[in-house]
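Trainee: Got data_22.pdb for you, PDB, C-alpha atoms:
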ATOM      1  CA  MET A   9      56.834  15.246  37.569
ATOM      2  CA  ILE A  10      58.715  14.463  34.370
ATOM      3  CA  ALA A  11      59.905  10.873  33.899
ATOM      4  CA  SER A  12      61.818   9.129  31.132
ATOM      5  CA  SER A  13      63.082   5.573  30.714
ATOM      6  CA  THR A  14      66.204   6.939  28.961
ATOM      7  CA  GLN A  15      67.310  10.514  29.765
ATOM      8  CA  ILE A  16      66.122  14.022  30.582
ATOM      9  CA  ILE A  17      68.056  17.031  29.268
ATOM     10  CA  VAL A  18      67.009  20.332  30.848
ATOM     11  CA  SER A  19      67.899  23.091  28.398
ATOM     12  CA  GLY A  20      65.072  25.507  29.188
ATOM     13  CA  SER A  21      63.195  26.151  32.407
ATOM     14  CA  VAL A  22      60.748  24.246  34.573
ATOM     15  CA  ASN A  23      58.838  26.485  36.988
ATOM     16  CA  ALA A  24      56.575  25.610  39.908
ATOM     17  CA  ASN A  25      56.680  29.011  41.591
ATOM     18  CA  GLY A  26      54.194  30.249  44.165
ATOM     19  CA  GLY A  27      51.482  32.684  43.097
ATOM     20  CA  VAL A  28      51.663  36.395  43.843
ATOM     21  CA  ALA A  29      49.513  37.680  46.704
ATOM     22  CA  GLY A  30      46.542  39.866  45.855
ATOM     23  CA  GLU A  31      47.155  43.603  45.771
ATOM     24  CA  SER A  32      43.695  45.038  46.375
ATOM     25  CA  PHE A  33      42.765  46.876  49.587
ATOM     26  CA  CYS A  34      40.871  43.813  50.856
ATOM     27  CA  ASP A  35      43.958  41.631  50.409
ATOM     28  CA  ILE A  36      46.368  43.866  52.336
ATOM     29  CA  ASP A  37      47.215  40.994  54.731
ATOM     30  CA  ALA A  38      47.521  38.344  52.011
ATOM     31  CA  SER A  39      50.683  36.268  51.826
ATOM     32  CA  GLY A  40      52.582  35.038  48.803
ATOM     33  CA  GLY A  41      52.058  31.509  47.614
ATOM     34  CA  SER A  42      54.492  28.758  48.485
ATOM     35  CA  GLY A  43      56.605  27.144  45.809
ATOM     36  CA  GLY A  44      55.416  23.855  44.417
ATOM     37  CA  ALA A  45      57.395  20.716  43.631
ATOM     38  CA  ILE A  46      59.460  19.522  40.679
ATOM     39  CA  ARG A  47      60.443  15.866  40.365
ATOM     40  CA  LEU A  48      62.631  14.579  37.521
ATOM     41  CA  VAL A  49      63.098  10.797  37.242
ATOM     42  CA  SER A  50      65.355   9.134  34.678
ATOM     43  CA  ASN A  51      68.474   7.035  34.227
ATOM     44  CA  THR A  52      70.374  10.201  33.256
ATOM     45  CA  ILE A  53      69.575  13.852  34.033
ATOM     46  CA  SER A  54      71.749  16.536  32.446
ATOM     47  CA  GLY A  55      71.689  20.056  31.051
ATOM     48  CA  PHE A  56      72.266  23.661  32.050
ATOM     49  CA  GLY A  57      68.651  24.757  32.412
ATOM     50  CA  TYR A  58      66.665  26.303  35.254
ATOM     51  CA  LEU A  59      64.516  24.521  37.848
ATOM     52  CA  SER A  60      62.526  26.830  40.105
ATOM     53  CA  ALA A  61      60.092  26.103  42.941
ATOM     54  CA  ALA A  62      60.422  29.536  44.548
ATOM     55  CA  GLY A  63      57.904  31.040  46.924
ATOM     56  CA  SER A  64      56.364  34.374  46.026
ATOM     57  CA  ALA A  65      57.932  37.434  47.668
ATOM     58  CA  GLY A  66      54.736  39.454  47.332
ATOM     59  CA  GLY A  67      52.224  40.198  50.074
ATOM     60  CA  ARG A  68      52.585  40.652  53.809
ATOM     61  CA  ASN A  69      54.495  37.378  54.197
ATOM     62  CA  PRO A  70      56.590  35.662  51.518
ATOM     63  CA  GLY A  71      55.642  32.161  50.427
ATOM     64  CA  GLY A  72      57.766  29.206  51.490
ATOM     65  CA  THR A  73      60.279  27.591  49.168
ATOM     66  CA  GLY A  74      59.141  24.490  47.312
ATOM     67  CA  ARG A  75      61.039  21.276  46.611
ATOM     68  CA  VAL A  76      63.112  20.023  43.680
ATOM     69  CA  ARG A  77      63.882  16.298  43.568
ATOM     70  CA  LEU A  78      66.250  14.786  40.992
ATOM     71  CA  GLU A  79      66.308  10.976  40.748
ATOM     72  CA  ALA A  80      68.992   9.579  38.449
ATOM     73  CA  ASN A  81      71.718   6.970  38.237
ATOM     74  CA  ASN A  82      73.804   9.487  36.271
ATOM     75  CA  LEU A  83      73.227  13.033  37.492
ATOM     76  CA  ASN A  84      75.046  15.549  35.292
ATOM     77  CA  PHE A  85      72.741  18.537  35.762
ATOM     78  CA  ASN A  86      74.732  21.771  36.017
ATOM     79  CA  GLY A  87      71.928  24.292  35.804
ATOM     80  CA  GLN A  88      70.364  26.507  38.465
ATOM     81  CA  VAL A  89      68.011  25.140  41.110
ATOM     82  CA  ILE A  90      65.776  27.314  43.298
ATOM     83  CA  GLY A  91      64.074  25.273  45.981
ATOM     84  CA  ASN A  92      64.948  22.725  48.619
ATOM     85  CA  GLN A  93      66.897  20.238  46.534
ATOM     86  CA  ASN A  94      67.098  16.498  47.075
ATOM     87  CA  GLN A  95      68.967  13.965  44.967
ATOM     88  CA  SER A  96      68.743  10.187  44.928
ATOM     89  CA  ASN A  97      68.926   7.129  42.750
ATOM     90  CA  PRO A  98      65.682   6.501  40.881
ATOM     91  CA  LEU A  99      62.950   4.710  42.725
ATOM     92  CA  ALA A 100      61.377   1.885  40.760
ATOM     93  CA  LEU A 101      60.464   3.620  37.525
ATOM     94  CA  PHE A 102      56.878   3.201  36.478
ATOM     95  CA  VAL A 103      57.678   4.495  32.985
ATOM     96  CA  PRO A 104      57.008   1.580  30.625
ATOM     97  CA  ALA A 105      60.025   0.307  28.707
ATOM     98  CA  VAL A 106      57.801  -0.388  25.702
ATOM     99  CA  PRO A 107      54.825   1.555  24.371
ATOM    100  CA  PRO A 108      51.309   0.370  25.211
ATOM    101  CA  PRO A 109      49.555  -2.045  22.844
ATOM    102  CA  SER A 110      47.798  -0.423  19.894
ATOM    103  CA  VAL A 111      45.908  -1.526  16.810
ATOM    104  CA  GLN A 112      44.578   0.610  13.965
ATOM    105  CA  VAL A 113      43.563   0.589  10.335
ATOM    106  CA  THR A 114      46.540   2.067   8.474
ATOM    107  CA  SER A 115      45.431   1.659   4.849
ATOM    108  CA  ILE A 116      42.200   1.274   2.874
ATOM    109  CA  ASN A 117      42.422   0.464  -0.828
ATOM    110  CA  GLY A 118      46.073   1.569  -0.829
ATOM    111  CA  THR A 119      45.367   4.965   0.778
ATOM    112  CA  ALA A 120      47.044   5.684   4.114
ATOM    113  CA  ILE A 121      44.649   6.431   6.979
ATOM    114  CA  THR A 122      45.738   8.978   9.592
ATOM    115  CA  GLU A 123      45.608   8.047  13.264
ATOM    116  CA  HIS A 124      43.541  11.074  14.314
ATOM    117  CA  PRO A 125      41.569  12.342  11.313
ATOM    118  CA  PHE A 126      39.822  15.697  11.573
ATOM    119  CA  THR A 127      37.545  15.329   8.568
ATOM    120  CA  PHE A 128      34.937  12.836   7.419
ATOM    121  CA  PRO A 129      35.384  10.817   5.344
ATOM    122  CA  ASP A 130      39.082   9.892   5.361
ATOM    123  CA  ILE A 131      38.783   8.627   1.800
ATOM    124  CA  THR A 132      36.115   8.208  -0.871
ATOM    125  CA  LEU A 133      35.574   4.849  -2.559
ATOM    126  CA  ASN A 134      33.796   4.613  -5.910
ATOM    127  CA  THR A 135      33.489   0.861  -6.175
ATOM    128  CA  ALA A 136      31.061  -1.899  -5.278
ATOM    129  CA  SER A 137      33.934  -4.390  -5.232
ATOM    130  CA  SER A 138      35.930  -5.480  -2.216
ATOM    131  CA  VAL A 139      38.907  -3.334  -1.212
ATOM    132  CA  PRO A 140      42.009  -4.325   0.777
ATOM    133  CA  ILE A 141      42.375  -3.077   4.343
ATOM    134  CA  VAL A 142      45.664  -3.184   6.251
ATOM    135  CA  ILE A 143      45.537  -3.372  10.040
ATOM    136  CA  THR A 144      48.750  -2.585  11.949
ATOM    137  CA  ALA A 145      49.380  -3.539  15.560
ATOM    138  CA  HIS A 146      52.127  -2.837  18.086
ATOM    139  CA  GLN A 147      52.836  -4.863  21.244
ATOM    140  CA  ILE A 148      49.996  -7.297  20.500
ATOM    141  CA  PRO A 149      50.876 -11.020  20.269
ATOM    142  CA  VAL A 150      51.316 -12.438  16.773
ATOM    143  CA  GLY A 151      48.341 -14.589  15.788
ATOM    144  CA  THR A 152      45.797 -12.385  17.560
ATOM    145  CA  LEU A 153      42.639 -12.016  15.461
ATOM    146  CA  PRO A 154      41.651  -8.331  15.003
ATOM    147  CA  ILE A 155      37.998  -7.565  14.326
ATOM    148  CA  LEU A 156      36.992  -4.610  12.152
ATOM    149  CA  TYR A 157      33.665  -3.035  13.095
ATOM    150  CA  VAL A 158      31.939  -1.036  10.353
ATOM    151  CA  PHE A 159      29.009   1.284  11.062
ATOM    152  CA  SER A 160      27.158   2.379   7.930
ATOM    153  CA  GLU A 161      24.419   4.888   7.170
ATOM    154  CA  THR A 162      22.638   2.324   5.021
ATOM    155  CA  SER A 163      23.166  -1.113   6.611
ATOM    156  CA  ASP A 164      23.567  -2.900   9.942
ATOM    157  CA  GLN A 165      26.785  -2.935  11.957
ATOM    158  CA  GLN A 166      29.314  -5.485  10.810
ATOM    159  CA  GLY A 167      32.021  -7.171  12.897
ATOM    160  CA  LEU A 168      34.497  -8.664  10.438
ATOM    161  CA  PRO A 169      37.461 -10.799  11.607
ATOM    162  CA  CYS A 170      40.817 -10.411   9.868
ATOM    163  CA  THR A 171      41.292 -14.056   8.929
ATOM    164  CA  GLY A 172      44.730 -15.450   9.646
ATOM    165  CA  GLY A 173      45.449 -13.020  12.470
ATOM    166  CA  LEU A 174      48.402 -10.725  12.980
ATOM    167  CA  VAL A 175      51.674 -11.613  11.249
ATOM    168  CA  GLY A 176      55.094 -10.148  12.063
ATOM    169  CA  THR A 177      56.688  -9.450  15.445
ATOM    170  CA  LEU A 178      55.448  -8.284  18.827
ATOM    171  CA  ASP A 179      56.833  -4.812  18.041
ATOM    172  CA  THR A 180      54.985  -4.499  14.715
ATOM    173  CA  SER A 181      52.536  -6.849  13.060
ATOM    174  CA  THR A 182      49.935  -6.566  10.317
ATOM    175  CA  CYS A 183      46.853  -8.295   9.014
ATOM    176  CA  THR A 184      45.295  -7.677   5.593
ATOM    177  CA  MET A 185      41.662  -8.306   4.757
ATOM    178  CA  SER A 186      39.231  -7.361   1.976
ATOM    179  CA  ILE A 187      35.680  -6.114   2.483
ATOM    180  CA  VAL A 188      32.900  -4.569   0.444
ATOM    181  CA  TYR A 189      31.875  -1.255   1.953
ATOM    182  CA  PRO A 190      28.131  -0.545   1.906
ATOM    183  CA  PHE A 191      26.801   2.422  -0.062
ATOM    184  CA  GLY A 192      26.917   5.747   1.782
ATOM    185  CA  GLY A 193      29.097   6.947   4.628
ATOM    186  CA  SER A 194      30.719   4.453   6.979
ATOM    187  CA  ARG A 195      32.693   4.762  10.186
ATOM    188  CA  GLY A 196      34.649   2.028  11.812
ATOM    189  CA  PHE A 197      37.162   0.901  14.385
ATOM    190  CA  VAL A 198      39.315  -2.152  14.902
ATOM    191  CA  LYS A 199      39.575  -4.143  18.115
ATOM    192  CA  ALA A 200      41.941  -6.901  19.241
ATOM    193  CA  THR A 201      41.500  -9.135  22.285
ATOM    194  CA  TRP A 202      44.112 -11.533  23.667
ATOM    195  CA  THR A 203      45.083 -13.285  26.886
ATOM    196  CA  GLY A 204      48.508 -12.662  28.431
ATOM    197  CA  GLN A 205      51.739 -12.428  26.439
TER     198      GLN A 205
END
Written as structure tokens, how would this file's structure read?
Mentor:
Amino acid sequence: MIASSTQIIVSGSVNANGGVAGESFCDIDASGGSGGAIRLVSNTISGFGYLSAAGSAGGRNPGGTGRVRLEANNLNFNGQVIGNQNQSNPLALFVPAVPPPSVQVTSINGTAITEHPFTFPDITLNTASSVPIVITAHQIPVGTLPILYVFSETSDQQGLPCTGGLVGTLDTSTCTMSIVYPFGGSRGFVKATWTGQ
């Protein structure tokens, strides 16, 4: 299944074809696999691509044809469909209209921090003074108090609140705090807890 809260444009191919039957002597009576299922759900579906849920023709018996279901308010798909096709208006979409809540450290001492780093450390600090940390949140209520947890090689775990809480809008908010990092390597994560919206 492929679902979108806006539109799906099929310009390539989506295949859910049945597998080919075995060809060894022991599999002489094997049948081809049946086609699978393709379901596209969106407000608009268009394009000139290829949707295939064909059964395999190999083996003693061919596999059955699969199903292709297109759910859209505006169906403008003019491509090729192989499979038992069904069309309807979208059922209640479970695709969220807004992204899920998220919170992360986006900057330490003016250096941007990547969301999924592949090296350690992200940055090197050569100071015993406090450094500014920017926390960015999305879809988390303004005023929520993020807590930064720091795990160090040389000192105990710290849970440090970002005083003042998140400022901005529900779509994007930030909180800036300053901390002194302990000597040695440190890892950390930020957490936000709130009730309702």
Trainee: Write out, as a Markdown table, each residue of segment 97-154 of chain A that has an atom at most 10 Å from segment 173-195 of chain A, together with the closest pair of atoms and their distance in Å to one decimal, counting all atoms listed in the file, rows going by chain and rising number.
Mentor:
| residue | atom | partner | partner_atom | distance |
| --- | --- | --- | --- | --- |
| A:Val106 | CA | A:Asp179 | CA | 8.9 |
| A:Pro107 | CA | A:Asp179 | CA | 9.2 |
| A:Pro109 | CA | A:Asp179 | CA | 9.1 |
| A:Ser110 | CA | A:Thr180 | CA | 9.8 |
| A:Val111 | CA | A:Thr182 | CA | 9.2 |
| A:Gln112 | CA | A:Thr182 | CA | 9.7 |
| A:Val113 | CA | A:Cys183 | CA | 9.6 |
| A:Thr114 | CA | A:Thr182 | CA | 9.5 |
| A:Ser115 | CA | A:Thr184 | CA | 9.4 |
| A:Ile116 | CA | A:Ser186 | CA | 9.2 |
| A:Asn117 | CA | A:Ser186 | CA | 8.9 |
| A:Phe128 | CA | A:Gly193 | CA | 8.8 |
| A:Pro129 | CA | A:Gly193 | CA | 7.4 |
| A:Asp130 | CA | A:Arg195 | CA | 9.5 |
| A:Thr132 | CA | A:Gly193 | CA | 9.0 |
| A:Leu133 | CA | A:Tyr189 | CA | 8.4 |
| A:Asn134 | CA | A:Phe191 | CA | 9.4 |
| A:Thr135 | CA | A:Tyr189 | CA | 8.6 |
| A:Ala136 | CA | A:Val188 | CA | 6.6 |
| A:Ser137 | CA | A:Val188 | CA | 5.8 |
| A:Ser138 | CA | A:Val188 | CA | 4.1 |
| A:Val139 | CA | A:Ser186 | CA | 5.1 |
| A:Pro140 | CA | A:Ser186 | CA | 4.3 |
| A:Ile141 | CA | A:Met185 | CA | 5.3 |
| A:Val142 | CA | A:Thr184 | CA | 4.6 |
| A:Ile143 | CA | A:Cys183 | CA | 5.2 |
| A:Thr144 | CA | A:Thr182 | CA | 4.5 |
| A:Ala145 | CA | A:Ser181 | CA | 5.2 |
| A:His146 | CA | A:Thr180 | CA | 4.7 |
| A:Gln147 | CA | A:Leu178 | CA | 4.9 |
| A:Ile148 | CA | A:Leu178 | CA | 5.8 |
| A:Pro149 | CA | A:Leu178 | CA | 5.5 |
| A:Val150 | CA | A:Leu174 | CA | 5.1 |
| A:Gly151 | CA | A:Gly173 | CA | 4.7 |
| A:Thr152 | CA | A:Gly173 | CA | 5.1 |
| A:Leu153 | CA | A:Gly173 | CA | 4.2 |
| A:Pro154 | CA | A:Gly173 | CA | 6.5 |
Trainee: With C-alpha atoms retained, export the selected residues as a PDB file, keeping the file's coordinate frame.
Mentor:
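Final file, out39.pdb:
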ATOM      1  CA  VAL A 106      57.801  -0.388  25.702  1.00  0.00           C
ATOM      2  CA  PRO A 107      54.825   1.555  24.371  1.00  0.00           C
ATOM      3  CA  PRO A 109      49.555  -2.045  22.844  1.00  0.00           C
ATOM      4  CA  SER A 110      47.798  -0.423  19.894  1.00  0.00           C
ATOM      5  CA  VAL A 111      45.908  -1.526  16.810  1.00  0.00           C
ATOM      6  CA  GLN A 112      44.578   0.610  13.965  1.00  0.00           C
ATOM      7  CA  VAL A 113      43.563   0.589  10.335  1.00  0.00           C
ATOM      8  CA  THR A 114      46.540   2.067   8.474  1.00  0.00           C
ATOM      9  CA  SER A 115      45.431   1.659   4.849  1.00  0.00           C
ATOM     10  CA  ILE A 116      42.200   1.274   2.874  1.00  0.00           C
ATOM     11  CA  ASN A 117      42.422   0.464  -0.828  1.00  0.00           C
ATOM     12  CA  PHE A 128      34.937  12.836   7.419  1.00  0.00           C
ATOM     13  CA  PRO A 129      35.384  10.817   5.344  1.00  0.00           C
ATOM     14  CA  ASP A 130      39.082   9.892   5.361  1.00  0.00           C
ATOM     15  CA  THR A 132      36.115   8.208  -0.871  1.00  0.00           C
ATOM     16  CA  LEU A 133      35.574   4.849  -2.559  1.00  0.00           C
ATOM     17  CA  ASN A 134      33.796   4.613  -5.910  1.00  0.00           C
ATOM     18  CA  THR A 135      33.489   0.861  -6.175  1.00  0.00           C
ATOM     19  CA  ALA A 136      31.061  -1.899  -5.278  1.00  0.00           C
ATOM     20  CA  SER A 137      33.934  -4.390  -5.232  1.00  0.00           C
ATOM     21  CA  SER A 138      35.930  -5.480  -2.216  1.00  0.00           C
ATOM     22  CA  VAL A 139      38.907  -3.334  -1.212  1.00  0.00           C
ATOM     23  CA  PRO A 140      42.009  -4.325   0.777  1.00  0.00           C
ATOM     24  CA  ILE A 141      42.375  -3.077   4.343  1.00  0.00           C
ATOM     25  CA  VAL A 142      45.664  -3.184   6.251  1.00  0.00           C
ATOM     26  CA  ILE A 143      45.537  -3.372  10.040  1.00  0.00           C
ATOM     27  CA  THR A 144      48.750  -2.585  11.949  1.00  0.00           C
ATOM     28  CA  ALA A 145      49.380  -3.539  15.560  1.00  0.00           C
ATOM     29  CA  HIS A 146      52.127  -2.837  18.086  1.00  0.00           C
ATOM     30  CA  GLN A 147      52.836  -4.863  21.244  1.00  0.00           C
ATOM     31  CA  ILE A 148      49.996  -7.297  20.500  1.00  0.00           C
ATOM     32  CA  PRO A 149      50.876 -11.020  20.269  1.00  0.00           C
ATOM     33  CA  VAL A 150      51.316 -12.438  16.773  1.00  0.00           C
ATOM     34  CA  GLY A 151      48.341 -14.589  15.788  1.00  0.00           C
ATOM     35  CA  THR A 152      45.797 -12.385  17.560  1.00  0.00           C
ATOM     36  CA  LEU A 153      42.639 -12.016  15.461  1.00  0.00           C
ATOM     37  CA  PRO A 154      41.651  -8.331  15.003  1.00  0.00           C
TER      38      PRO A 154
END
Trainee: Can you pull out the residues contacting segment 10-24 of chain A? Cut-off 8 Å, using all atoms listed in the file, and skip same-chain residues under 5 positions away; I want them as a PyMOL selection string.
Mentor: chain A and resi 43-62+74+85+101+103-105
Trainee: One decimal, in Å: what's the spacing between atom CA of Thr119 of chain A and atom CA of Gly196 of chain A?
Mentor: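 Going from atom CA of Thr119 of chain A over to atom CA of Gly196 of chain A covers 15.7 Å.
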Trainee: In Å, how far is it from atom CA of Asn94 of chain A to atom CA of Val76 of chain A?
Mentor: 6.3 Å
Trainee: With all atoms listed in the file as the atoms that count, which of A:Ala65, A:Leu168, A:Val158, A:Ile121 lies nearest to Gly27 of chain A?
Mentor: A:Ala65
Trainee: What's around Gly63 of chain A at 6 Å? Count only C-alpha atoms, leave out sequence neighbours fewer than 5 positions away in its own chain, and write the answer as a CSV table (one decimal) with C-alpha atoms, keeping the file's coordinate frame.
Mentor:
chain,number,residue,atom,x,y,z
A,25,ASN,CA,56.7,29.0,41.6
A,26,GLY,CA,54.2,30.2,44.2
A,41,GLY,CA,52.1,31.5,47.6
A,42,SER,CA,54.5,28.8,48.5
A,43,GLY,CA,56.6,27.1,45.8
A,71,GLY,CA,55.6,32.2,50.4
A,72,GLY,CA,57.8,29.2,51.5
A,73,THR,CA,60.3,27.6,49.2
Trainee: One decimal, in Å: what's the spacing between atom CA of Met9 of chain A and atom CA of Val28 of chain A?
Mentor: 22.7 Å
Trainee: Could you tell me which residues the PyMOL selection byres ((chain A and resi 69) around 7) returns for this structure, as a tab-separated table (two decimals) with C-alpha atoms, in the coordinates of the input?
Mentor:
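Resulting contents of expr-v8.tsv:
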chain	number	residue	atom	x	y	z
A	39	SER	CA	50.68	36.27	51.83
A	40	GLY	CA	52.58	35.04	48.80
A	67	GLY	CA	52.22	40.20	50.07
A	68	ARG	CA	52.58	40.65	53.81
A	70	PRO	CA	56.59	35.66	51.52
A	71	GLY	CA	55.64	32.16	50.43
